[in-house]
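Chemist: Just so it is clear, I am handing over entry.pdb, which has PDB, C-alpha atoms.
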```
ATOM      1  CA  MET A   4      50.056 130.467  78.766
ATOM      2  CA  ARG A   5      48.379 130.005  75.378
ATOM      3  CA  ASP A   6      46.046 127.020  75.008
ATOM      4  CA  PHE A   7      46.903 124.224  72.605
ATOM      5  CA  ARG A   8      45.345 123.938  69.175
ATOM      6  CA  PHE A   9      45.484 120.927  66.885
ATOM      7  CA  SER A  10      44.751 120.632  63.195
ATOM      8  CA  HIS A  11      45.304 118.361  60.255
ATOM      9  CA  GLY A  12      45.698 118.665  56.535
ATOM     10  CA  LEU A  13      42.828 117.590  54.316
ATOM     11  CA  ALA A  14      43.819 114.213  52.966
ATOM     12  CA  GLY A  15      41.803 113.625  49.835
ATOM     13  CA  PHE A  16      38.977 114.624  47.556
ATOM     14  CA  ASP A  17      36.417 112.408  45.847
ATOM     15  CA  SER A  18      33.214 114.365  46.349
ATOM     16  CA  TYR A  19      31.545 116.802  48.693
ATOM     17  CA  ASP A  20      30.406 113.841  50.777
ATOM     18  CA  SER A  21      33.985 112.602  51.251
ATOM     19  CA  VAL A  22      35.207 116.046  52.294
ATOM     20  CA  ALA A  23      32.249 116.483  54.648
ATOM     21  CA  ALA A  24      32.859 113.088  56.253
ATOM     22  CA  GLU A  25      36.549 113.824  56.799
ATOM     23  CA  CYS A  26      35.850 117.206  58.370
ATOM     24  CA  ARG A  27      33.045 115.937  60.606
ATOM     25  CA  ARG A  28      35.401 113.214  61.790
ATOM     26  CA  ALA A  29      38.036 115.863  62.588
ATOM     27  CA  GLU A  30      35.468 117.751  64.639
ATOM     28  CA  ARG A  31      34.512 114.599  66.558
ATOM     29  CA  TYR A  32      38.171 113.837  67.232
ATOM     30  CA  GLY A  33      38.618 117.241  68.839
ATOM     31  CA  TYR A  34      40.690 118.944  66.176
ATOM     32  CA  ASP A  35      40.362 122.723  66.033
ATOM     33  CA  ALA A  36      41.009 123.262  62.330
ATOM     34  CA  VAL A  37      41.624 121.635  58.971
ATOM     35  CA  TYR A  38      43.936 123.070  56.354
ATOM     36  CA  ALA A  39      44.245 122.860  52.585
ATOM     37  CA  ALA A  40      47.563 123.033  50.777
ATOM     38  CA  ASP A  41      48.250 124.950  47.549
ATOM     39  CA  HIS A  42      49.914 122.581  45.097
ATOM     40  CA  LEU A  43      49.226 121.546  41.557
ATOM     41  CA  GLY A  44      47.573 118.163  41.283
ATOM     42  CA  ILE A  45      45.313 118.596  44.326
ATOM     43  CA  PRO A  46      41.990 120.456  44.775
ATOM     44  CA  ALA A  47      41.825 124.253  44.723
ATOM     45  CA  PRO A  48      41.999 125.412  48.345
ATOM     46  CA  PHE A  49      39.212 127.962  48.774
ATOM     47  CA  PRO A  50      36.263 125.894  47.460
ATOM     48  CA  LEU A  51      37.513 122.994  49.562
ATOM     49  CA  LEU A  52      37.590 125.137  52.701
ATOM     50  CA  VAL A  53      34.108 126.520  52.112
ATOM     51  CA  ALA A  54      32.846 122.941  51.797
ATOM     52  CA  ALA A  55      34.677 121.988  55.012
ATOM     53  CA  ALA A  56      33.078 124.837  56.950
ATOM     54  CA  LEU A  57      29.642 124.087  55.529
ATOM     55  CA  ALA A  58      29.886 120.495  56.763
ATOM     56  CA  THR A  59      30.895 121.345  60.347
ATOM     57  CA  GLU A  60      29.752 123.429  63.307
ATOM     58  CA  ARG A  61      32.883 124.954  64.815
ATOM     59  CA  LEU A  62      35.887 123.739  62.810
ATOM     60  CA  ARG A  63      38.160 126.509  61.617
ATOM     61  CA  VAL A  64      39.583 126.205  58.109
ATOM     62  CA  GLY A  65      42.678 127.589  56.465
ATOM     63  CA  THR A  66      45.446 127.451  53.908
ATOM     64  CA  LEU A  67      48.779 125.919  54.871
ATOM     65  CA  VAL A  68      50.125 127.581  52.909
ATOM     66  CA  LEU A  69      49.265 129.462  49.722
ATOM     67  CA  ASN A  70      52.133 129.905  47.302
ATOM     68  CA  ALA A  71      52.298 133.699  46.899
ATOM     69  CA  GLU A  72      53.925 133.260  43.487
ATOM     70  CA  PHE A  73      50.676 131.782  42.152
ATOM     71  CA  TRP A  74      48.453 134.680  43.206
ATOM     72  CA  ASN A  75      47.654 138.187  42.067
ATOM     73  CA  ALA A  76      47.069 140.172  45.271
ATOM     74  CA  ALA A  77      43.887 141.892  44.062
ATOM     75  CA  LEU A  78      42.299 138.597  43.061
ATOM     76  CA  LEU A  79      43.533 136.896  46.218
ATOM     77  CA  ALA A  80      41.929 139.614  48.371
ATOM     78  CA  ARG A  81      38.605 138.843  46.712
ATOM     79  CA  GLU A  82      39.035 135.082  47.283
ATOM     80  CA  VAL A  83      39.973 135.555  50.936
ATOM     81  CA  ALA A  84      37.132 137.956  51.705
ATOM     82  CA  THR A  85      34.570 135.748  49.967
ATOM     83  CA  ALA A  86      35.782 132.616  51.758
ATOM     84  CA  ASP A  87      35.775 134.377  55.122
ATOM     85  CA  VAL A  88      32.178 135.471  54.584
ATOM     86  CA  LEU A  89      31.024 132.046  53.386
ATOM     87  CA  THR A  90      32.739 130.221  56.273
ATOM     88  CA  GLY A  91      31.183 132.535  58.858
ATOM     89  CA  GLY A  92      34.509 134.059  59.851
ATOM     90  CA  ARG A  93      36.348 130.769  60.368
ATOM     91  CA  LEU A  94      39.111 131.300  57.793
ATOM     92  CA  GLU A  95      42.838 131.404  58.584
ATOM     93  CA  LEU A  96      45.117 132.539  55.782
ATOM     94  CA  GLY A  97      48.514 130.895  55.464
ATOM     95  CA  LEU A  98      51.014 132.356  52.996
ATOM     96  CA  GLY A  99      54.453 131.207  51.882
ATOM     97  CA  ALA A 100      57.043 131.949  49.231
ATOM     98  CA  GLY A 101      56.831 128.627  47.353
ATOM     99  CA  HIS A 102      59.575 126.025  47.130
ATOM    100  CA  MET A 103      58.699 123.513  44.392
ATOM    101  CA  LYS A 104      60.328 124.477  41.102
ATOM    102  CA  TRP A 105      58.459 121.842  39.076
ATOM    103  CA  GLU A 106      55.146 123.441  40.055
ATOM    104  CA  MET A 107      56.268 126.846  38.847
ATOM    105  CA  ASP A 108      57.429 125.294  35.593
ATOM    106  CA  ALA A 109      54.149 123.416  35.134
ATOM    107  CA  ALA A 110      52.097 126.538  35.870
ATOM    108  CA  GLY A 111      54.166 128.736  33.555
ATOM    109  CA  VAL A 112      55.295 130.889  36.493
ATOM    110  CA  PRO A 113      58.930 132.042  36.370
ATOM    111  CA  TRP A 114      61.151 130.389  38.985
ATOM    112  CA  ARG A 115      62.758 133.301  40.794
ATOM    113  CA  PRO A 116      65.508 133.444  43.438
ATOM    114  CA  PHE A 117      64.327 133.042  47.003
ATOM    115  CA  GLY A 118      64.970 136.695  47.826
ATOM    116  CA  GLU A 119      62.636 137.785  45.045
ATOM    117  CA  ARG A 120      59.984 135.293  46.131
ATOM    118  CA  THR A 121      60.044 136.532  49.720
ATOM    119  CA  ALA A 122      59.852 140.124  48.467
ATOM    120  CA  GLN A 123      56.734 139.100  46.550
ATOM    121  CA  LEU A 124      55.327 137.492  49.707
ATOM    122  CA  ARG A 125      55.836 140.729  51.636
ATOM    123  CA  ALA A 126      54.284 142.788  48.834
ATOM    124  CA  THR A 127      51.273 140.445  48.731
ATOM    125  CA  ILE A 128      50.687 140.805  52.478
ATOM    126  CA  ASP A 129      50.967 144.592  52.244
ATOM    127  CA  GLU A 130      48.507 144.749  49.364
ATOM    128  CA  LEU A 131      46.021 142.435  51.089
ATOM    129  CA  GLY A 132      46.115 144.615  54.179
ATOM    130  CA  ARG A 133      45.615 147.743  52.087
ATOM    131  CA  ARG A 134      42.626 146.261  50.303
ATOM    132  CA  PHE A 135      41.027 144.887  53.461
ATOM    133  CA  ALA A 136      41.377 148.289  55.131
ATOM    134  CA  ALA A 137      40.281 150.472  52.209
ATOM    135  CA  GLU A 138      36.980 152.271  52.721
ATOM    136  CA  ASP A 139      36.627 153.209  49.058
ATOM    137  CA  ARG A 140      37.645 151.071  46.120
ATOM    138  CA  PRO A 141      39.578 152.830  43.332
ATOM    139  CA  GLU A 142      37.422 153.857  40.410
ATOM    140  CA  GLN A 143      37.542 151.500  37.439
ATOM    141  CA  PRO A 144      37.943 152.716  33.851
ATOM    142  CA  VAL A 145      34.902 154.293  32.222
ATOM    143  CA  ARG A 146      34.071 151.001  30.495
ATOM    144  CA  PRO A 147      33.071 148.560  31.735
ATOM    145  CA  ALA A 148      30.999 150.364  34.343
ATOM    146  CA  ARG A 149      31.878 149.822  37.964
ATOM    147  CA  PRO A 150      29.740 147.068  39.554
ATOM    148  CA  SER A 151      26.919 148.384  41.709
ATOM    149  CA  ARG A 152      27.783 145.996  44.539
ATOM    150  CA  PRO A 153      30.992 146.495  46.538
ATOM    151  CA  GLU A 154      33.603 143.769  46.781
ATOM    152  CA  PRO A 155      33.225 141.560  49.863
ATOM    153  CA  ARG A 156      35.137 142.385  53.020
ATOM    154  CA  PRO A 157      36.444 139.803  55.501
ATOM    155  CA  VAL A 158      34.175 139.102  58.461
ATOM    156  CA  GLN A 159      37.109 138.859  60.850
ATOM    157  CA  ARG A 160      39.078 141.805  62.165
ATOM    158  CA  HIS A 161      42.088 140.012  63.529
ATOM    159  CA  GLY A 162      45.042 139.820  61.163
ATOM    160  CA  PHE A 163      46.404 142.418  58.767
ATOM    161  CA  GLY A 164      46.325 145.104  61.424
ATOM    162  CA  GLY A 165      42.783 144.242  62.492
ATOM    163  CA  THR A 166      41.253 144.190  59.017
ATOM    164  CA  GLY A 167      41.177 140.515  58.035
ATOM    165  CA  PRO A 168      41.521 136.870  59.074
ATOM    166  CA  PRO A 169      44.477 135.587  61.118
ATOM    167  CA  LEU A 170      47.665 135.435  59.048
ATOM    168  CA  ILE A 171      49.937 132.393  59.108
ATOM    169  CA  VAL A 172      53.401 132.708  57.588
ATOM    170  CA  GLY A 173      55.467 129.551  57.345
ATOM    171  CA  GLY A 174      59.009 128.606  56.388
ATOM    172  CA  THR A 175      62.526 128.109  57.666
ATOM    173  CA  GLY A 176      64.738 130.620  55.826
ATOM    174  CA  ASP A 177      65.803 133.923  57.368
ATOM    175  CA  ARG A 178      64.019 136.098  54.835
ATOM    176  CA  VAL A 179      60.651 134.398  55.040
ATOM    177  CA  LEU A 180      60.876 134.333  58.840
ATOM    178  CA  ASP A 181      61.677 138.057  58.777
ATOM    179  CA  VAL A 182      58.302 138.501  57.075
ATOM    180  CA  ALA A 183      56.678 136.230  59.661
ATOM    181  CA  ALA A 184      58.198 138.218  62.528
ATOM    182  CA  GLU A 185      56.827 141.464  61.137
ATOM    183  CA  TYR A 186      53.322 140.412  60.074
ATOM    184  CA  ALA A 187      52.173 136.960  61.195
ATOM    185  CA  ASP A 188      49.649 136.138  63.884
ATOM    186  CA  VAL A 189      50.778 132.511  63.607
ATOM    187  CA  VAL A 190      54.405 131.662  62.832
ATOM    188  CA  SER A 191      54.748 128.198  61.350
ATOM    189  CA  VAL A 192      58.190 126.642  61.658
ATOM    190  CA  ALA A 193      58.212 124.091  58.870
ATOM    191  CA  GLY A 194      59.455 120.621  59.660
ATOM    192  CA  THR A 195      61.516 120.307  56.486
ATOM    193  CA  TYR A 196      64.575 122.034  55.066
ATOM    194  CA  GLN A 197      65.956 122.296  51.570
ATOM    195  CA  VAL A 198      68.978 120.011  51.136
ATOM    196  CA  LYS A 199      71.931 122.156  50.126
ATOM    197  CA  GLY A 200      73.298 121.409  46.696
ATOM    198  CA  GLU A 201      70.222 119.428  45.648
ATOM    199  CA  PRO A 202      67.419 120.478  43.240
ATOM    200  CA  PRO A 203      64.744 122.773  44.709
ATOM    201  CA  GLY A 204      62.163 120.747  46.599
ATOM    202  CA  THR A 205      64.669 118.138  47.854
ATOM    203  CA  LEU A 206      63.871 118.249  51.547
ATOM    204  CA  ARG A 207      65.094 116.804  54.829
ATOM    205  CA  ILE A 208      63.562 116.870  58.287
ATOM    206  CA  GLY A 209      64.614 119.574  60.725
ATOM    207  CA  THR A 210      66.496 118.834  63.950
ATOM    208  CA  PRO A 211      65.557 119.934  67.487
ATOM    209  CA  ALA A 212      68.441 122.400  67.500
ATOM    210  CA  GLU A 213      67.268 123.953  64.243
ATOM    211  CA  ALA A 214      63.724 124.268  65.547
ATOM    212  CA  GLY A 215      64.934 126.070  68.649
ATOM    213  CA  GLU A 216      67.200 128.366  66.673
ATOM    214  CA  ARG A 217      64.434 129.298  64.237
ATOM    215  CA  VAL A 218      62.053 130.185  67.089
ATOM    216  CA  ARG A 219      64.763 132.308  68.732
ATOM    217  CA  TYR A 220      65.426 134.039  65.412
ATOM    218  CA  VAL A 221      61.797 135.079  64.999
ATOM    219  CA  ARG A 222      61.441 136.089  68.645
ATOM    220  CA  GLU A 223      64.403 138.428  68.396
ATOM    221  CA  ARG A 224      63.047 140.106  65.287
ATOM    222  CA  ALA A 225      59.451 140.239  66.464
ATOM    223  CA  GLY A 226      60.380 142.051  69.678
ATOM    224  CA  ALA A 227      57.349 142.817  71.849
ATOM    225  CA  ARG A 228      55.111 141.188  69.235
ATOM    226  CA  ALA A 229      56.612 137.780  70.029
ATOM    227  CA  GLU A 230      54.355 137.275  73.054
ATOM    228  CA  ARG A 231      51.253 137.665  70.890
ATOM    229  CA  ILE A 232      52.397 135.154  68.269
ATOM    230  CA  GLU A 233      50.986 131.638  68.130
ATOM    231  CA  TRP A 234      53.871 129.220  67.449
ATOM    232  CA  HIS A 235      53.015 126.437  65.044
ATOM    233  CA  ALA A 236      54.806 123.251  63.970
ATOM    234  CA  LEU A 237      54.023 121.031  60.990
ATOM    235  CA  VAL A 238      54.403 117.383  62.044
ATOM    236  CA  GLN A 239      56.010 115.112  59.468
ATOM    237  CA  ALA A 240      55.314 111.706  61.032
ATOM    238  CA  VAL A 241      53.241 110.106  63.796
ATOM    239  CA  VAL A 242      54.030 106.548  64.873
ATOM    240  CA  VAL A 243      52.094 104.848  67.668
ATOM    241  CA  THR A 244      54.322 102.183  69.236
ATOM    242  CA  GLU A 245      55.300 100.581  72.528
ATOM    243  CA  ASP A 246      58.922 100.490  71.339
ATOM    244  CA  ARG A 247      59.731 104.188  71.157
ATOM    245  CA  ARG A 248      63.510 103.837  70.914
ATOM    246  CA  GLY A 249      63.403 101.019  68.368
ATOM    247  CA  GLU A 250      60.982 102.887  66.121
ATOM    248  CA  ALA A 251      63.154 106.004  66.400
ATOM    249  CA  GLU A 252      66.124 104.013  65.152
ATOM    250  CA  ARG A 253      64.116 102.875  62.148
ATOM    251  CA  LEU A 254      62.927 106.418  61.419
ATOM    252  CA  VAL A 255      66.489 107.727  61.588
ATOM    253  CA  GLU A 256      67.319 105.434  58.692
ATOM    254  CA  ARG A 257      64.231 106.539  56.785
ATOM    255  CA  PHE A 258      65.052 110.222  57.231
ATOM    256  CA  GLY A 259      68.636 109.814  56.058
ATOM    257  CA  ARG A 260      70.428 109.951  59.417
ATOM    258  CA  VAL A 261      70.313 113.742  59.718
ATOM    259  CA  MET A 262      70.083 113.157  63.485
ATOM    260  CA  ASP A 263      70.449 110.274  65.924
ATOM    261  CA  ALA A 264      67.560 108.473  67.621
ATOM    262  CA  GLY A 265      67.805 110.570  70.771
ATOM    263  CA  GLU A 266      67.559 113.788  68.776
ATOM    264  CA  LEU A 267      64.644 112.440  66.769
ATOM    265  CA  LEU A 268      62.737 111.685  69.969
ATOM    266  CA  ALA A 269      63.234 115.332  71.009
ATOM    267  CA  CYS A 270      62.216 116.646  67.580
ATOM    268  CA  PRO A 271      58.972 118.681  67.478
ATOM    269  CA  PHE A 272      58.266 117.539  63.917
ATOM    270  CA  VAL A 273      57.964 113.812  64.722
ATOM    271  CA  PHE A 274      55.840 112.044  67.343
ATOM    272  CA  VAL A 275      56.775 108.507  68.312
ATOM    273  CA  GLY A 276      55.568 106.322  71.182
ATOM    274  CA  THR A 277      52.458 105.532  73.153
ATOM    275  CA  VAL A 278      49.615 108.042  73.378
ATOM    276  CA  GLU A 279      50.818 109.049  76.834
ATOM    277  CA  GLU A 280      54.416 109.504  75.668
ATOM    278  CA  MET A 281      53.362 111.642  72.729
ATOM    279  CA  ALA A 282      51.042 113.763  74.888
ATOM    280  CA  ARG A 283      53.912 114.407  77.302
ATOM    281  CA  GLN A 284      56.072 115.278  74.309
ATOM    282  CA  VAL A 285      53.549 117.959  73.295
ATOM    283  CA  LEU A 286      53.771 119.488  76.786
ATOM    284  CA  ARG A 287      57.583 119.411  76.778
ATOM    285  CA  HIS A 288      57.715 121.134  73.402
ATOM    286  CA  ARG A 289      55.585 123.983  74.715
ATOM    287  CA  GLU A 290      58.147 124.529  77.448
ATOM    288  CA  ARG A 291      61.174 124.213  75.181
ATOM    289  CA  TYR A 292      60.038 125.903  71.974
ATOM    290  CA  GLY A 293      56.732 127.606  72.720
ATOM    291  CA  PHE A 294      54.800 125.482  70.197
ATOM    292  CA  THR A 295      51.099 125.388  71.065
ATOM    293  CA  HIS A 296      49.633 124.560  67.647
ATOM    294  CA  TYR A 297      50.401 121.353  65.775
ATOM    295  CA  THR A 298      49.250 120.301  62.340
ATOM    296  CA  VAL A 299      49.601 116.663  61.314
ATOM    297  CA  HIS A 300      49.323 115.482  57.747
ATOM    298  CA  GLY A 301      45.947 113.988  56.898
ATOM    299  CA  PRO A 302      46.986 110.304  56.940
ATOM    300  CA  TYR A 303      48.092 110.705  60.583
ATOM    301  CA  ALA A 304      44.896 112.420  61.797
ATOM    302  CA  GLU A 305      43.289 109.296  63.241
ATOM    303  CA  ALA A 306      46.469 108.054  64.921
ATOM    304  CA  PHE A 307      47.085 111.440  66.547
ATOM    305  CA  ALA A 308      43.495 111.995  67.713
ATOM    306  CA  PRO A 309      43.951 110.143  71.057
ATOM    307  CA  VAL A 310      46.988 112.351  71.715
ATOM    308  CA  VAL A 311      44.810 115.432  71.203
ATOM    309  CA  ALA A 312      42.317 114.081  73.739
ATOM    310  CA  ARG A 313      45.030 113.192  76.267
ATOM    311  CA  VAL A 314      46.672 116.619  76.028
ATOM    312  CA  ARG A 315      43.271 118.206  76.739
ATOM    313  CA  GLU A 316      42.922 115.984  79.831
ATOM    314  CA  LEU A 317      46.402 116.841  81.107
ATOM    315  CA  THR A 318      46.024 120.573  80.622
ATOM    316  CA  ALA A 319      42.560 120.577  82.234
ATOM    317  CA  ARG A 320      43.987 118.730  85.230
ATOM    318  CA  ASP A 321      46.827 121.232  85.531
ATOM    319  CA  ARG A 322      44.332 124.114  85.625
ATOM    320  CA  ALA A 323      42.178 122.481  88.290
TER
END
```
Take the structure I supplied and represent it as structure tokens, if you would.
Modeler:
Amino acid sequence: MRDFRFSHGLAGFDSYDSVAAECRRAERYGYDAVYAADHLGIPAPFPLLVAAALATERLRVGTLVLNAEFWNAALLAREVATADVLTGGRLELGLGAGHMKWEMDAAGVPWRPFGERTAQLRATIDELGRRFAAEDRPEQPVRPARPSRPEPRPVQRHGFGGTGPPLIVGGTGDRVLDVAAEYADVVSVAGTYQVKGEPPGTLRIGTPAEAGERVRYVRERAGARAERIEWHALVQAVVVTEDRRGEAERLVERFGRVMDAGELLACPFVFVGTVEEMARQVLRHRERYGFTHYTVHGPYAEAFAPVVARVRELTARDRA
């Protein structure tokens, strides 16, 4: 059975020192990785990840997830390879199809139907794999002259058919999960869903039944590959409390009553209770869904750290 991994999103950015302090704290807490998002209004992901790796000894770093609509594949290949080299082979590359229309509008990127965006995601993955695998770069036009130094190659030989860093593909829709089933080393089942009939980016939390159905969907399409996939969940809330049921009732109201309190307590995208209760919840979710990698949002990193430690204790005891 695959070991657990835990990670958190990078919460803020004031200076190199603030990023370094956050990442060193993550390492002390026992987290395995930190991830940067790809949204307007927050720091650019790759420089942030290089800084995170520079500040730590073992922490892996990654994108969760890049918006493929923002990126030219040739330029992205260069960014990925450079970051993998500079992080000493600790990069994980997460890719998605994008879901925030306002960001596309602000960036001057056309807002396309979801089918076209997922086709672009697939094309980006194919082109990255081709570039990582290519032995010879295509000749450039006569002028300017071709640089004397070759483009960087990824250090890792894991994802993209053994030519690049591990690939994470995240989402909830059939088409993006079809891409995940075909290509991803890590399949991330997002904890939020687009609300039907509402503007793009209007999200609600996913239910336990939806989480299970999405995992089954990918497993069926991945076939024999499914056993090699790492199953990942993005946690939307962590609440440490002695009153698990009462807090669940309050969260149900906050999340718009898309499920009852009992369902919320079985949801893999929300952790509520004492440290022991949440650690046991992690173990149950591995049995029910196969999730062995959890990412919590940055503000919850400290609250969830004792759960990380307790899960390590429980799994070590089970092995003994």
Chemist: Could you write out as AutoDock Vina command-line options the box around region 152-159 of chain A (axis-aligned, all atoms listed in the file, 3 Å on each side), with centre and edge lengths in Å to one decimal?
Modeler:
```
--center_x 32.4 --center_y 142.7 --center_z 52.7 --size_x 15.3 --size_y 13.6 --size_z 22.3
```
Chemist: Using CA of Val255 (chain A) and CA of Gly200 (chain A) as the two end points, give the distance in Å to one decimal.
Modeler: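 So the answer is 21.3 Å.
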Chemist: Applied to this file, what does the PyMOL selection byres ((chain A and resi 122) around 12) return in terms of residues, put as a list in words?
Modeler: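 For this structure, the PyMOL selection byres ((chain A and resi 122) around 12) resolves to Ala71, Glu72, Gly99, Ala100, Gly101, Arg115, Pro116, Phe117, Gly118, Glu119, Arg120, Thr121, Gln123, Leu124, Arg125, Ala126, Thr127, Ile128, Asp129, Arg178, Val179, Leu180, Asp181 and Val182 of chain A.
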Chemist: List every protein, DNA or RNA residue that has at least one atom no more than 8 Å from (51.8, 131.1, 57.2) in the file's coordinates, counting only C-alpha atoms, and write the result as a ChimeraX atom specification.
Modeler: /A:67-68,96-99,170-174,183,187,189-191
Chemist: So, counting all atoms listed in the file, which residue among A:Arg313, A:Arg222, A:Arg27, A:Arg61 is closest to Arg283 (chain A)?
Modeler: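 Of A:Arg313, A:Arg222, A:Arg27, A:Arg61, the one nearest Arg283 (chain A), counting all atoms listed in the file, is A:Arg313.
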Chemist: Record the distance separating CA of Ala40 (chain A) and CA of Leu268 (chain A), expressed in Å with one decimal.
Modeler: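 Here the two named atoms are 27.0 Å from each other.
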Chemist: Interatomic distance between CA of Leu131 (chain A) and CA of Thr195 (chain A)?
Modeler: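 That distance, rounded to one decimal, is 27.5 Å.
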Chemist: For a quick check of your reading of the model, name the residues lying within 10 Å of the coordinate (61.7, 106.7, 67.7), counting all atoms listed in the file, and write them as a list in words.
Modeler: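 Here is the list of nearby residues: Val241, Val242, Val243, Thr244, Asp246, Arg247, Arg248, Gly249, Glu250, Ala251, Glu252, Arg253, Leu254, Val255, Asp263, Ala264, Gly265, Glu266, Leu267, Leu268, Ala269, Cys270, Val273, Phe274, Val275 and Gly276 of chain A.
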Chemist: Next, dump the selected residues to file, keeping only C-alpha atoms, as a PDB file, keeping the file's coordinate frame.
Modeler:
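Result file again.pdb:
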```
ATOM      1  CA  VAL A 241      53.241 110.106  63.796  1.00  0.00           C
ATOM      2  CA  VAL A 242      54.030 106.548  64.873  1.00  0.00           C
ATOM      3  CA  VAL A 243      52.094 104.848  67.668  1.00  0.00           C
ATOM      4  CA  THR A 244      54.322 102.183  69.236  1.00  0.00           C
ATOM      5  CA  ASP A 246      58.922 100.490  71.339  1.00  0.00           C
ATOM      6  CA  ARG A 247      59.731 104.188  71.157  1.00  0.00           C
ATOM      7  CA  ARG A 248      63.510 103.837  70.914  1.00  0.00           C
ATOM      8  CA  GLY A 249      63.403 101.019  68.368  1.00  0.00           C
ATOM      9  CA  GLU A 250      60.982 102.887  66.121  1.00  0.00           C
ATOM     10  CA  ALA A 251      63.154 106.004  66.400  1.00  0.00           C
ATOM     11  CA  GLU A 252      66.124 104.013  65.152  1.00  0.00           C
ATOM     12  CA  ARG A 253      64.116 102.875  62.148  1.00  0.00           C
ATOM     13  CA  LEU A 254      62.927 106.418  61.419  1.00  0.00           C
ATOM     14  CA  VAL A 255      66.489 107.727  61.588  1.00  0.00           C
ATOM     15  CA  ASP A 263      70.449 110.274  65.924  1.00  0.00           C
ATOM     16  CA  ALA A 264      67.560 108.473  67.621  1.00  0.00           C
ATOM     17  CA  GLY A 265      67.805 110.570  70.771  1.00  0.00           C
ATOM     18  CA  GLU A 266      67.559 113.788  68.776  1.00  0.00           C
ATOM     19  CA  LEU A 267      64.644 112.440  66.769  1.00  0.00           C
ATOM     20  CA  LEU A 268      62.737 111.685  69.969  1.00  0.00           C
ATOM     21  CA  ALA A 269      63.234 115.332  71.009  1.00  0.00           C
ATOM     22  CA  CYS A 270      62.216 116.646  67.580  1.00  0.00           C
ATOM     23  CA  VAL A 273      57.964 113.812  64.722  1.00  0.00           C
ATOM     24  CA  PHE A 274      55.840 112.044  67.343  1.00  0.00           C
ATOM     25  CA  VAL A 275      56.775 108.507  68.312  1.00  0.00           C
ATOM     26  CA  GLY A 276      55.568 106.322  71.182  1.00  0.00           C
TER      27      GLY A 276
END
```
